[in-house]
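See below for the structure under consideration.
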Amino acid sequence: MKEVRIAIVNLLLPLVFSFFLFALPAAGAAGRPEIATPPTPPEGLSTEEALRLGEAMYRRGTLPSGEPMIGFVQGDIEVSGQILTCANCHMRSGLGSYEGGVTTLPTNGDKLYSPLKNGYDLPSTSMGIRPLTAPRPAYTDEALAAALLEGVDPAGRELSVTMPRYVLDDDEIEIMIFYLKHLSSTLSPGATRDVLRLATVVSEGVSTLDRQSMLDPLMSFIDRFPRKLILDVWELKGPQDTWQKQLEKQYQQQPVFALLGGLVKGNWRPIHEFCEKNSIPSILPITDLPVVSESDLYTLYLSKGYYQEGEAAAKYLAYGLELPPDKQVIQIFRDSDEGKALAAGFADSWKKFGSTPVIEKTISASETTGANFWQKSAAMYPDAVMLLWLGPGDLAGIESLGELLEKPQMVFVSSTMLGEDFTVIPDKIRHFTNITYPYGLPEERARSRVNAEQFWRGRNVHPANKAMAEKVYSAIGLFSMAFSGLQNNRYRDFFLDLFDMLEDQTGYGVRYPRLSFGPGQRDTSKGCFIVTLSEGPQPKLTKKSEWIIY
């Protein structure tokens with residue numbers, strides 16, 4: 001019973017903390033006054049064009065001319081708006097943030113054009129409540145222009161010296177004010193004050209056991225969630241190049257606020273691009289083939305999947321070992337999404353860190369491996385570093401590498417490609433074989449696994465694929481934390497802002513040592529171990545590196 005109580009406390013503490021952290025600023029939001037009359041766009045601009053130009057100013061610090069906005073902080077220090085954007089501090093939603101003891105107030109029209117009567121109460125470090133801001137009158141257009149240009153609020157008080165005083169002409173000011181009046185002004189599709197509608201995506205080709213291991217925990221969570229959630233299941237059929245049209249049709253028939261989880265046979269790209277196009281948050285789909293992008297915003301992944309393992313191998317070789325300048329490094333992989341993702345992760349990182357060119361050998365669909373294949377490869381590239389991004393079937397005959405006089409200096413394989421079945425690595429080559437391992441070692445994640453199992457048992461859920469259900473547990477836990485902060489501010493960008501502001505998590509990661517967050521970061525587990533394997537039929541993993549962060 002003591003273990004059960006501990007597990008429940010560990011599960012609930014993040015939710016309770018999240019409530020105190022985010023719920024109070026939004027209190028009373030349902031009764032907030034709206035802007036009296038709908039704003040009209042600046043003369044000569046359509047609403048769509050004015051909003052596009054305003055968004056570029058707010059989110060990217062770019063003027064309508066295409067030039068960067070210029071501002072001054074600390075009195076006379078000039079800064080580029082493209083480096084210190086409005087969204088950096090006030091967030092994309094304009095609803096402000098609270099991080100590291102620093103409060104940044106909302107800048108969206110509904111909040112600005114309402115008086116701040118009692119300030120915002122936010123938790124202190126001791127979890128007590130303390131006021132952080134003074135009351136102020138409602139902004140007007142003139143007062144908002146003064147705040148942007150001169151750094152004073154409607155009461156005549158000077159704003160923080162870290163708030164830029166911008167250099168803007170009348171037209172630019174008018175565009176910015178118009179945009180702020182529209183920012184987070186209407187609830188997002190799929191949301192009402194009482195109900196939040198979600199969807200999860202499943203494609204044909206997913207096994208029945210995997211499908212139920214993803215859906216059963218999600219449905220149980222939705223059914224027992226204390227506030228009203230509806231979860232639709234969007235089924236995808238046929239080739240991947242038809243998926244976006246299928247998604248568009250589903251969305252037109254029934255808009256949703258966000259996607260939660262999801263599992264497809266193949267690459268997640270069609271769903272990612274659909275979400276990016278329609279500004280729909282997609283929260284932690286179960287995929288090892290995410291879209292790796294530095295600019296896309298609407299899909300939050302558990303990790304970069306296969307790509308991340310390739311990155312880790314490159315960093316380990318570049319920083320962990322002193323390879324001779326003429327050392328040959330070769331990648332051997334199938335012409336598949338998985339093999340290409342691993343190879344791309346390695347090659348992209350090796351360009352930054354490596355000193356020698358990487359050789360790539362792609363195995364065609366008709367080509368087979370075996371002892372003869374491995375012996376020829378070793379003879380062609382003697383004493384090389386060989387990255388074998390292959391599945392278990394392609395490692396047949398690889399023990400022959402251990403019998404050669406001129407062995408590879410070292411071999412790398414992917415634990416995900418092997419399905420974590422390490423017995424396929426023969427004893428003869430284990431001493432020079434390195435494994436990319438993007439999870440915490442089994443003995444290290446035992447405690448958080450107990451939490452997940454207690455959670456499922458309390459809901460009478462018994463997933464067949466425990467590894468998948470543990471990832472769903474992460475998605476549910478983080479979704480709950482962010483959802484508790486929404487209150488009545490049911491805007492998609494604010495929902496993603498709340499994820500950006502989450503504190504790092506260890507309990508919800510289960511399989512991952514740590515899930516971390518930050519503005520614009522769209523992968524929560526950001527590293528990988530390099531491990532080796534002991535000999536024998538029940539091999540143990542041993543760390544050869546610390547957690548390699550990309």
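By order of appearance in the structure tokens: chains A, B, ..., then residues from 1 within every chain, and ligands from 1 in the order shown.
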Those of stretch 343-512 of chain A in DSSP helix (DSSP H, G or I), formatted as an MDAnalysis selection string:
chainID A and resid 343:353 371:380 392:395 398:403 422:424 427:430 442:458 466:486 492:500
Next, the residues of the selection above should be written as an mmCIF file, in the first residue's frame with C-alpha atoms.
data_model
loop_
_atom_site.group_PDB
_atom_site.id
_atom_site.type_symbol
_atom_site.label_atom_id
_atom_site.label_comp_id
_atom_site.auth_asym_id
_atom_site.auth_seq_id
_atom_site.Cartn_x
_atom_site.Cartn_y
_atom_site.Cartn_z
ATOM 1 C CA ALA A 343 21.933 8.239 -41.880
ATOM 2 C CA ALA A 344 20.667 11.825 -42.177
ATOM 3 C CA GLY A 345 20.981 12.387 -38.434
ATOM 4 C CA PHE A 346 24.574 11.199 -38.506
ATOM 5 C CA ALA A 347 25.555 13.014 -41.716
ATOM 6 C CA ASP A 348 23.983 16.336 -40.674
ATOM 7 C CA SER A 349 25.834 16.298 -37.347
ATOM 8 C CA TRP A 350 29.079 14.934 -38.785
ATOM 9 C CA LYS A 351 29.280 17.933 -41.107
ATOM 10 C CA LYS A 352 29.450 20.144 -38.013
ATOM 11 C CA PHE A 353 31.750 18.029 -35.860
ATOM 12 C CA ALA A 371 28.731 -13.457 -44.150
ATOM 13 C CA ASN A 372 30.099 -12.831 -47.650
ATOM 14 C CA PHE A 373 28.623 -9.302 -47.695
ATOM 15 C CA TRP A 374 30.246 -8.415 -44.372
ATOM 16 C CA GLN A 375 33.626 -9.852 -45.289
ATOM 17 C CA LYS A 376 33.668 -7.870 -48.546
ATOM 18 C CA SER A 377 32.651 -4.688 -46.733
ATOM 19 C CA ALA A 378 35.414 -5.139 -44.147
ATOM 20 C CA ALA A 379 37.996 -5.766 -46.893
ATOM 21 C CA MET A 380 36.886 -2.666 -48.788
ATOM 22 C CA PRO A 392 17.869 -7.814 -37.217
ATOM 23 C CA GLY A 393 17.412 -9.691 -40.508
ATOM 24 C CA ASP A 394 20.207 -7.774 -42.190
ATOM 25 C CA LEU A 395 22.700 -8.630 -39.448
ATOM 26 C CA ILE A 398 27.781 -10.463 -39.088
ATOM 27 C CA GLU A 399 29.677 -12.660 -36.624
ATOM 28 C CA SER A 400 32.160 -13.168 -39.474
ATOM 29 C CA LEU A 401 33.497 -9.664 -38.733
ATOM 30 C CA GLY A 402 34.825 -10.961 -35.439
ATOM 31 C CA GLU A 403 36.821 -13.684 -37.211
ATOM 32 C CA PHE A 422 20.132 -7.341 -28.623
ATOM 33 C CA THR A 423 20.580 -11.101 -28.807
ATOM 34 C CA VAL A 424 20.976 -10.675 -32.598
ATOM 35 C CA ASP A 427 29.203 -12.498 -28.837
ATOM 36 C CA LYS A 428 32.167 -12.355 -31.240
ATOM 37 C CA ILE A 429 31.567 -8.689 -32.127
ATOM 38 C CA ARG A 430 30.057 -7.287 -28.922
ATOM 39 C CA PRO A 442 15.916 -0.500 -17.748
ATOM 40 C CA GLU A 443 17.026 -0.451 -14.119
ATOM 41 C CA GLU A 444 16.914 3.361 -14.069
ATOM 42 C CA ARG A 445 13.313 3.645 -15.172
ATOM 43 C CA ALA A 446 11.825 1.035 -12.851
ATOM 44 C CA ARG A 447 10.282 3.562 -10.446
ATOM 45 C CA SER A 448 8.528 5.672 -13.072
ATOM 46 C CA ARG A 449 7.331 2.484 -14.743
ATOM 47 C CA VAL A 450 5.558 1.586 -11.480
ATOM 48 C CA ASN A 451 3.741 4.923 -11.662
ATOM 49 C CA ALA A 452 2.533 4.173 -15.178
ATOM 50 C CA GLU A 453 1.415 0.661 -14.289
ATOM 51 C CA GLN A 454 -0.485 1.938 -11.253
ATOM 52 C CA PHE A 455 -2.150 4.499 -13.482
ATOM 53 C CA TRP A 456 -3.320 1.843 -15.980
ATOM 54 C CA ARG A 457 -4.374 -0.596 -13.271
ATOM 55 C CA GLY A 458 -6.560 2.061 -11.664
ATOM 56 C CA LYS A 466 4.001 -1.821 -22.592
ATOM 57 C CA ALA A 467 6.643 0.290 -24.339
ATOM 58 C CA MET A 468 3.982 2.015 -26.424
ATOM 59 C CA ALA A 469 1.649 2.489 -23.458
ATOM 60 C CA GLU A 470 4.482 4.144 -21.529
ATOM 61 C CA LYS A 471 4.827 6.711 -24.315
ATOM 62 C CA VAL A 472 1.062 7.283 -24.215
ATOM 63 C CA TYR A 473 1.401 7.821 -20.467
ATOM 64 C CA SER A 474 3.905 10.591 -21.178
ATOM 65 C CA ALA A 475 1.524 12.204 -23.663
ATOM 66 C CA ILE A 476 -1.394 12.056 -21.237
ATOM 67 C CA GLY A 477 0.597 13.415 -18.311
ATOM 68 C CA LEU A 478 2.004 16.387 -20.203
ATOM 69 C CA PHE A 479 -1.347 17.083 -21.865
ATOM 70 C CA SER A 480 -2.979 17.199 -18.408
ATOM 71 C CA MET A 481 -0.425 19.659 -17.119
ATOM 72 C CA ALA A 482 -0.828 22.015 -20.048
ATOM 73 C CA PHE A 483 -4.614 21.632 -20.144
ATOM 74 C CA SER A 484 -4.916 22.703 -16.513
ATOM 75 C CA GLY A 485 -3.456 26.058 -17.509
ATOM 76 C CA LEU A 486 -5.878 26.729 -20.343
ATOM 77 C CA ARG A 492 -4.188 26.810 -29.683
ATOM 78 C CA ASP A 493 -1.109 29.023 -29.515
ATOM 79 C CA PHE A 494 -1.620 29.501 -25.782
ATOM 80 C CA PHE A 495 -1.885 25.729 -25.372
ATOM 81 C CA LEU A 496 1.530 25.341 -27.022
ATOM 82 C CA ASP A 497 2.873 28.262 -24.973
ATOM 83 C CA LEU A 498 1.930 26.323 -21.833
ATOM 84 C CA PHE A 499 4.022 23.365 -22.982
ATOM 85 C CA ASP A 500 6.919 25.743 -23.609
#
Test item: residues at most 6 Å from A:Gly94, only C-alpha atoms, excluding those fewer than 2 positions along its chain, as a list in words:
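So, after excluding close chain neighbours, the residues are His90, Met91, Arg92, Gly96, Pro106, Thr107 and Asn108 of chain A.
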File dump, residues just selected, N, CA, C and O atoms, as an mmCIF file, in the first residue's frame:
data_model
loop_
_atom_site.group_PDB
_atom_site.id
_atom_site.type_symbol
_atom_site.label_atom_id
_atom_site.label_comp_id
_atom_site.auth_asym_id
_atom_site.auth_seq_id
_atom_site.Cartn_x
_atom_site.Cartn_y
_atom_site.Cartn_z
ATOM 1 N N HIS A 90 6.244 37.642 -24.532
ATOM 2 C CA HIS A 90 4.792 37.623 -24.309
ATOM 3 C C HIS A 90 4.146 36.385 -24.899
ATOM 4 O O HIS A 90 2.929 36.217 -24.766
ATOM 5 N N MET A 91 4.936 35.527 -25.552
ATOM 6 C CA MET A 91 4.515 34.262 -26.137
ATOM 7 C C MET A 91 3.679 34.491 -27.393
ATOM 8 O O MET A 91 3.180 35.568 -27.646
ATOM 9 N N ARG A 92 3.583 33.432 -28.192
ATOM 10 C CA ARG A 92 2.878 33.546 -29.474
ATOM 11 C C ARG A 92 1.417 33.915 -29.277
ATOM 12 O O ARG A 92 0.835 34.634 -30.073
ATOM 13 N N GLY A 96 1.117 36.114 -22.244
ATOM 14 C CA GLY A 96 2.139 36.300 -21.226
ATOM 15 C C GLY A 96 2.689 34.995 -20.694
ATOM 16 O O GLY A 96 2.322 33.900 -21.111
ATOM 17 N N PRO A 106 0.121 39.797 -20.362
ATOM 18 C CA PRO A 106 -0.488 39.604 -21.679
ATOM 19 C C PRO A 106 -0.427 40.864 -22.532
ATOM 20 O O PRO A 106 -0.449 41.987 -22.025
ATOM 21 N N THR A 107 -0.387 40.645 -23.849
ATOM 22 C CA THR A 107 -0.399 41.754 -24.799
ATOM 23 C C THR A 107 -1.519 41.606 -25.816
ATOM 24 O O THR A 107 -1.551 42.347 -26.797
ATOM 25 N N ASN A 108 -2.423 40.665 -25.614
ATOM 26 C CA ASN A 108 -3.525 40.540 -26.561
ATOM 27 C C ASN A 108 -4.609 41.563 -26.235
ATOM 28 O O ASN A 108 -4.734 42.034 -25.100
#
Just checking: using only C-alpha atoms, which residue out of A:His272, A:Arg193, A:Lys361, A:Arg459 ends up closest to A:Asp296?
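Smallest distance to A:Asp296 is found for A:His272.
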Which polymer residues have any atom within 12 Å of an atom of stretch 240-250 of chain A, counting only C-alpha atoms, with same-chain residues fewer than 3 positions away left out, as a VMD selection string?
chain A and resid 199 to 205 232 to 237 253 to 256 259 264 to 278 280
Using only C-alpha atoms, which of A:Val461, A:Met176, A:Leu112, A:Leu289 sits nearest A:Arg136?
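Checking each of A:Val461, A:Met176, A:Leu112, A:Leu289 against A:Arg136, counting only C-alpha atoms, the winner is A:Leu112.
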So which one's closest to A:Ser414, A:Leu180, A:Ala312, A:Ala396, A:Leu95? Using only C-alpha atoms, please.
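Checking each of A:Leu180, A:Ala312, A:Ala396, A:Leu95 against A:Ser414, counting only C-alpha atoms, the winner is A:Ala312.
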Which polymer residues have any atom within 6 Å of an atom of A:Pro68, counting only C-alpha atoms, with same-chain residues fewer than 4 positions away left out, as a PDB file with N, CA, C and O atoms, in the first residue's frame?
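Once everything was written out, this is part29.pdb:
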ATOM      1  N   GLY A  61       9.683  40.020 -35.622  1.00  0.00           N
ATOM      2  CA  GLY A  61      10.393  41.291 -35.525  1.00  0.00           C
ATOM      3  C   GLY A  61      10.729  41.900 -36.861  1.00  0.00           C
ATOM      4  O   GLY A  61      11.749  42.583 -37.001  1.00  0.00           O
ATOM      5  N   THR A  62       9.857  41.664 -37.853  1.00  0.00           N
ATOM      6  CA  THR A  62      10.100  42.154 -39.208  1.00  0.00           C
ATOM      7  C   THR A  62       9.061  43.208 -39.579  1.00  0.00           C
ATOM      8  O   THR A  62       7.853  42.969 -39.470  1.00  0.00           O
ATOM      9  N   LEU A  63       9.516  44.360 -40.023  1.00  0.00           N
ATOM     10  CA  LEU A  63       8.628  45.444 -40.427  1.00  0.00           C
ATOM     11  C   LEU A  63       7.937  45.112 -41.752  1.00  0.00           C
ATOM     12  O   LEU A  63       8.412  44.240 -42.501  1.00  0.00           O
ATOM     13  N   GLY A  81      14.674  43.729 -33.474  1.00  0.00           N
ATOM     14  CA  GLY A  81      13.428  43.050 -33.159  1.00  0.00           C
ATOM     15  C   GLY A  81      13.421  41.606 -33.599  1.00  0.00           C
ATOM     16  O   GLY A  81      12.633  40.795 -33.098  1.00  0.00           O
ATOM     17  N   GLN A  82      14.286  41.231 -34.536  1.00  0.00           N
ATOM     18  CA  GLN A  82      14.350  39.848 -34.976  1.00  0.00           C
ATOM     19  C   GLN A  82      15.064  38.961 -33.961  1.00  0.00           C
ATOM     20  O   GLN A  82      14.928  37.743 -33.998  1.00  0.00           O
TER      21      GLN A  82
END
Let me make sure I understand: among A:Leu198, A:Ala50, A:Met69, A:Ala87, which one has the smallest atom-to-atom distance to A:Leu168 if we use only C-alpha atoms?
A:Met69
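The residue that comes closest to A:Thr433, out of A:Glu78, A:Glu535, A:Asp288, A:Glu360 and on the basis of only C-alpha atoms, is A:Glu535.
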What are the DSSP strand (DSSP E) residues of stretch 390-427 of chain A, as a VMD selection string?
chain A and resid 410 to 414
Store the residues picked out above, limited to all heavy atoms, as a compact mmCIF listing (two decimals), in the first residue's frame.
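Result went into again.txt, see below:
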# COMPACT_ATOMS: atom_id res chain seq x y z
N MET A 410 35.39 -0.15 -35.00
CA MET A 410 34.18 -0.22 -34.18
C MET A 410 32.97 -0.24 -35.10
O MET A 410 33.02 0.19 -36.25
CB MET A 410 34.10 0.93 -33.18
CG MET A 410 33.94 2.30 -33.79
SD MET A 410 34.00 3.61 -32.53
CE MET A 410 35.74 3.58 -32.11
N VAL A 411 31.88 -0.76 -34.54
CA VAL A 411 30.61 -0.85 -35.25
C VAL A 411 29.55 -0.15 -34.41
O VAL A 411 29.58 -0.21 -33.18
CB VAL A 411 30.22 -2.34 -35.46
CG1 VAL A 411 28.76 -2.48 -35.85
CG2 VAL A 411 31.11 -2.97 -36.52
N PHE A 412 28.64 0.55 -35.08
CA PHE A 412 27.49 1.16 -34.41
C PHE A 412 26.21 0.54 -34.96
O PHE A 412 26.08 0.33 -36.18
CB PHE A 412 27.45 2.67 -34.64
CG PHE A 412 28.41 3.45 -33.81
CD1 PHE A 412 29.75 3.54 -34.19
CD2 PHE A 412 28.01 4.09 -32.65
CE1 PHE A 412 30.65 4.25 -33.43
CE2 PHE A 412 28.92 4.81 -31.89
CZ PHE A 412 30.24 4.89 -32.27
N VAL A 413 25.26 0.27 -34.08
CA VAL A 413 23.92 -0.17 -34.48
C VAL A 413 22.89 0.63 -33.69
O VAL A 413 23.19 1.23 -32.66
CB VAL A 413 23.71 -1.68 -34.25
CG1 VAL A 413 24.62 -2.50 -35.13
CG2 VAL A 413 23.91 -2.04 -32.78
N SER A 414 21.66 0.63 -34.19
CA SER A 414 20.56 1.37 -33.55
C SER A 414 19.68 0.43 -32.75
O SER A 414 19.17 -0.56 -33.28
CB SER A 414 19.71 2.07 -34.62
OG SER A 414 18.41 2.35 -34.16
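Nearest to A:Ser188 of all the residues A:Tyr508, A:Glu48, A:Ser93, A:Ala56 is A:Ser93, counting only C-alpha atoms.
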Can you tell me which residues surround A:Pro115 at a distance of at most 9 Å, considering only C-alpha atoms, apart from same-chain residues fewer than 4 positions away, and format the answer as an NGL selection string?
:A and (111 or 135-139)
Could you tell me how far atom CA of A:Ile230 sits from atom CA of A:Gln212, in Å to one decimal place?
18.0 Å
Separation of atom CA of A:Tyr179 from atom CA of A:Tyr491 in Å:
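About the pair atom CA of A:Tyr491 and atom CA of A:Tyr179: they are 15.6 Å apart.
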Quick one: residues within 8 Å of A:Asp153, only C-alpha atoms counted, chain neighbours fewer than 5 positions away excluded, as a PDB file with all heavy atoms, in the first residue's frame?
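The resulting file, result-v2.pdb, is shown below:
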ATOM      1  N   ARG A 136      -3.971  48.785 -13.091  1.00  0.00           N
ATOM      2  CA  ARG A 136      -3.797  49.812 -14.115  1.00  0.00           C
ATOM      3  C   ARG A 136      -5.120  50.001 -14.851  1.00  0.00           C
ATOM      4  O   ARG A 136      -5.956  49.088 -14.899  1.00  0.00           O
ATOM      5  CB  ARG A 136      -2.702  49.433 -15.110  1.00  0.00           C
ATOM      6  CG  ARG A 136      -2.994  48.145 -15.861  1.00  0.00           C
ATOM      7  CD  ARG A 136      -2.433  48.148 -17.270  1.00  0.00           C
ATOM      8  NE  ARG A 136      -2.619  46.874 -17.941  1.00  0.00           N
ATOM      9  CZ  ARG A 136      -3.761  46.489 -18.503  1.00  0.00           C
ATOM     10  NH1 ARG A 136      -4.830  47.275 -18.458  1.00  0.00           N
ATOM     11  NH2 ARG A 136      -3.855  45.309 -19.107  1.00  0.00           N
ATOM     12  N   TYR A 139      -6.039  49.936 -21.500  1.00  0.00           N
ATOM     13  CA  TYR A 139      -5.324  50.614 -22.578  1.00  0.00           C
ATOM     14  C   TYR A 139      -6.314  51.198 -23.583  1.00  0.00           C
ATOM     15  O   TYR A 139      -7.431  50.690 -23.756  1.00  0.00           O
ATOM     16  CB  TYR A 139      -4.399  49.629 -23.314  1.00  0.00           C
ATOM     17  CG  TYR A 139      -3.035  49.479 -22.683  1.00  0.00           C
ATOM     18  CD1 TYR A 139      -2.803  48.498 -21.719  1.00  0.00           C
ATOM     19  CD2 TYR A 139      -1.987  50.294 -23.069  1.00  0.00           C
ATOM     20  CE1 TYR A 139      -1.546  48.342 -21.150  1.00  0.00           C
ATOM     21  CE2 TYR A 139      -0.715  50.142 -22.508  1.00  0.00           C
ATOM     22  CZ  TYR A 139      -0.507  49.165 -21.546  1.00  0.00           C
ATOM     23  OH  TYR A 139       0.743  49.023 -20.989  1.00  0.00           O
ATOM     24  N   ALA A 143      -2.720  54.955 -25.697  1.00  0.00           N
ATOM     25  CA  ALA A 143      -1.890  54.463 -24.595  1.00  0.00           C
ATOM     26  C   ALA A 143      -1.010  53.304 -25.053  1.00  0.00           C
ATOM     27  O   ALA A 143       0.148  53.172 -24.634  1.00  0.00           O
ATOM     28  CB  ALA A 143      -2.772  54.028 -23.424  1.00  0.00           C
ATOM     29  N   LEU A 144      -1.545  52.456 -25.933  1.00  0.00           N
ATOM     30  CA  LEU A 144      -0.764  51.322 -26.421  1.00  0.00           C
ATOM     31  C   LEU A 144       0.385  51.815 -27.302  1.00  0.00           C
ATOM     32  O   LEU A 144       1.508  51.293 -27.229  1.00  0.00           O
ATOM     33  CB  LEU A 144      -1.669  50.364 -27.199  1.00  0.00           C
ATOM     34  CG  LEU A 144      -1.057  49.035 -27.624  1.00  0.00           C
ATOM     35  CD1 LEU A 144      -0.341  48.332 -26.481  1.00  0.00           C
ATOM     36  CD2 LEU A 144      -2.135  48.127 -28.219  1.00  0.00           C
ATOM     37  N   ALA A 146       1.892  54.634 -26.916  1.00  0.00           N
ATOM     38  CA  ALA A 146       2.875  55.190 -25.980  1.00  0.00           C
ATOM     39  C   ALA A 146       3.697  54.088 -25.322  1.00  0.00           C
ATOM     40  O   ALA A 146       4.905  54.240 -25.090  1.00  0.00           O
ATOM     41  CB  ALA A 146       2.169  56.032 -24.922  1.00  0.00           C
ATOM     42  N   ALA A 147       3.065  52.945 -25.040  1.00  0.00           N
ATOM     43  CA  ALA A 147       3.791  51.833 -24.433  1.00  0.00           C
ATOM     44  C   ALA A 147       4.843  51.290 -25.402  1.00  0.00           C
ATOM     45  O   ALA A 147       5.978  50.988 -25.014  1.00  0.00           O
ATOM     46  CB  ALA A 147       2.819  50.733 -24.033  1.00  0.00           C
ATOM     47  N   GLU A 158       6.510  53.811 -15.794  1.00  0.00           N
ATOM     48  CA  GLU A 158       7.489  53.308 -16.757  1.00  0.00           C
ATOM     49  C   GLU A 158       7.495  51.791 -16.729  1.00  0.00           C
ATOM     50  O   GLU A 158       7.491  51.161 -15.665  1.00  0.00           O
ATOM     51  CB  GLU A 158       8.887  53.843 -16.426  1.00  0.00           C
ATOM     52  CG  GLU A 158       9.930  53.449 -17.460  1.00  0.00           C
ATOM     53  CD  GLU A 158      11.280  54.096 -17.213  1.00  0.00           C
ATOM     54  OE1 GLU A 158      11.401  54.841 -16.220  1.00  0.00           O
ATOM     55  OE2 GLU A 158      12.208  53.837 -18.001  1.00  0.00           O
ATOM     56  N   LEU A 159       7.500  51.200 -17.905  1.00  0.00           N
ATOM     57  CA  LEU A 159       7.590  49.747 -18.021  1.00  0.00           C
ATOM     58  C   LEU A 159       9.031  49.291 -17.767  1.00  0.00           C
ATOM     59  O   LEU A 159       9.951  50.104 -17.702  1.00  0.00           O
ATOM     60  CB  LEU A 159       7.142  49.312 -19.415  1.00  0.00           C
ATOM     61  CG  LEU A 159       5.693  49.663 -19.787  1.00  0.00           C
ATOM     62  CD1 LEU A 159       5.428  49.316 -21.251  1.00  0.00           C
ATOM     63  CD2 LEU A 159       4.704  48.939 -18.888  1.00  0.00           C
TER      64      LEU A 159
END
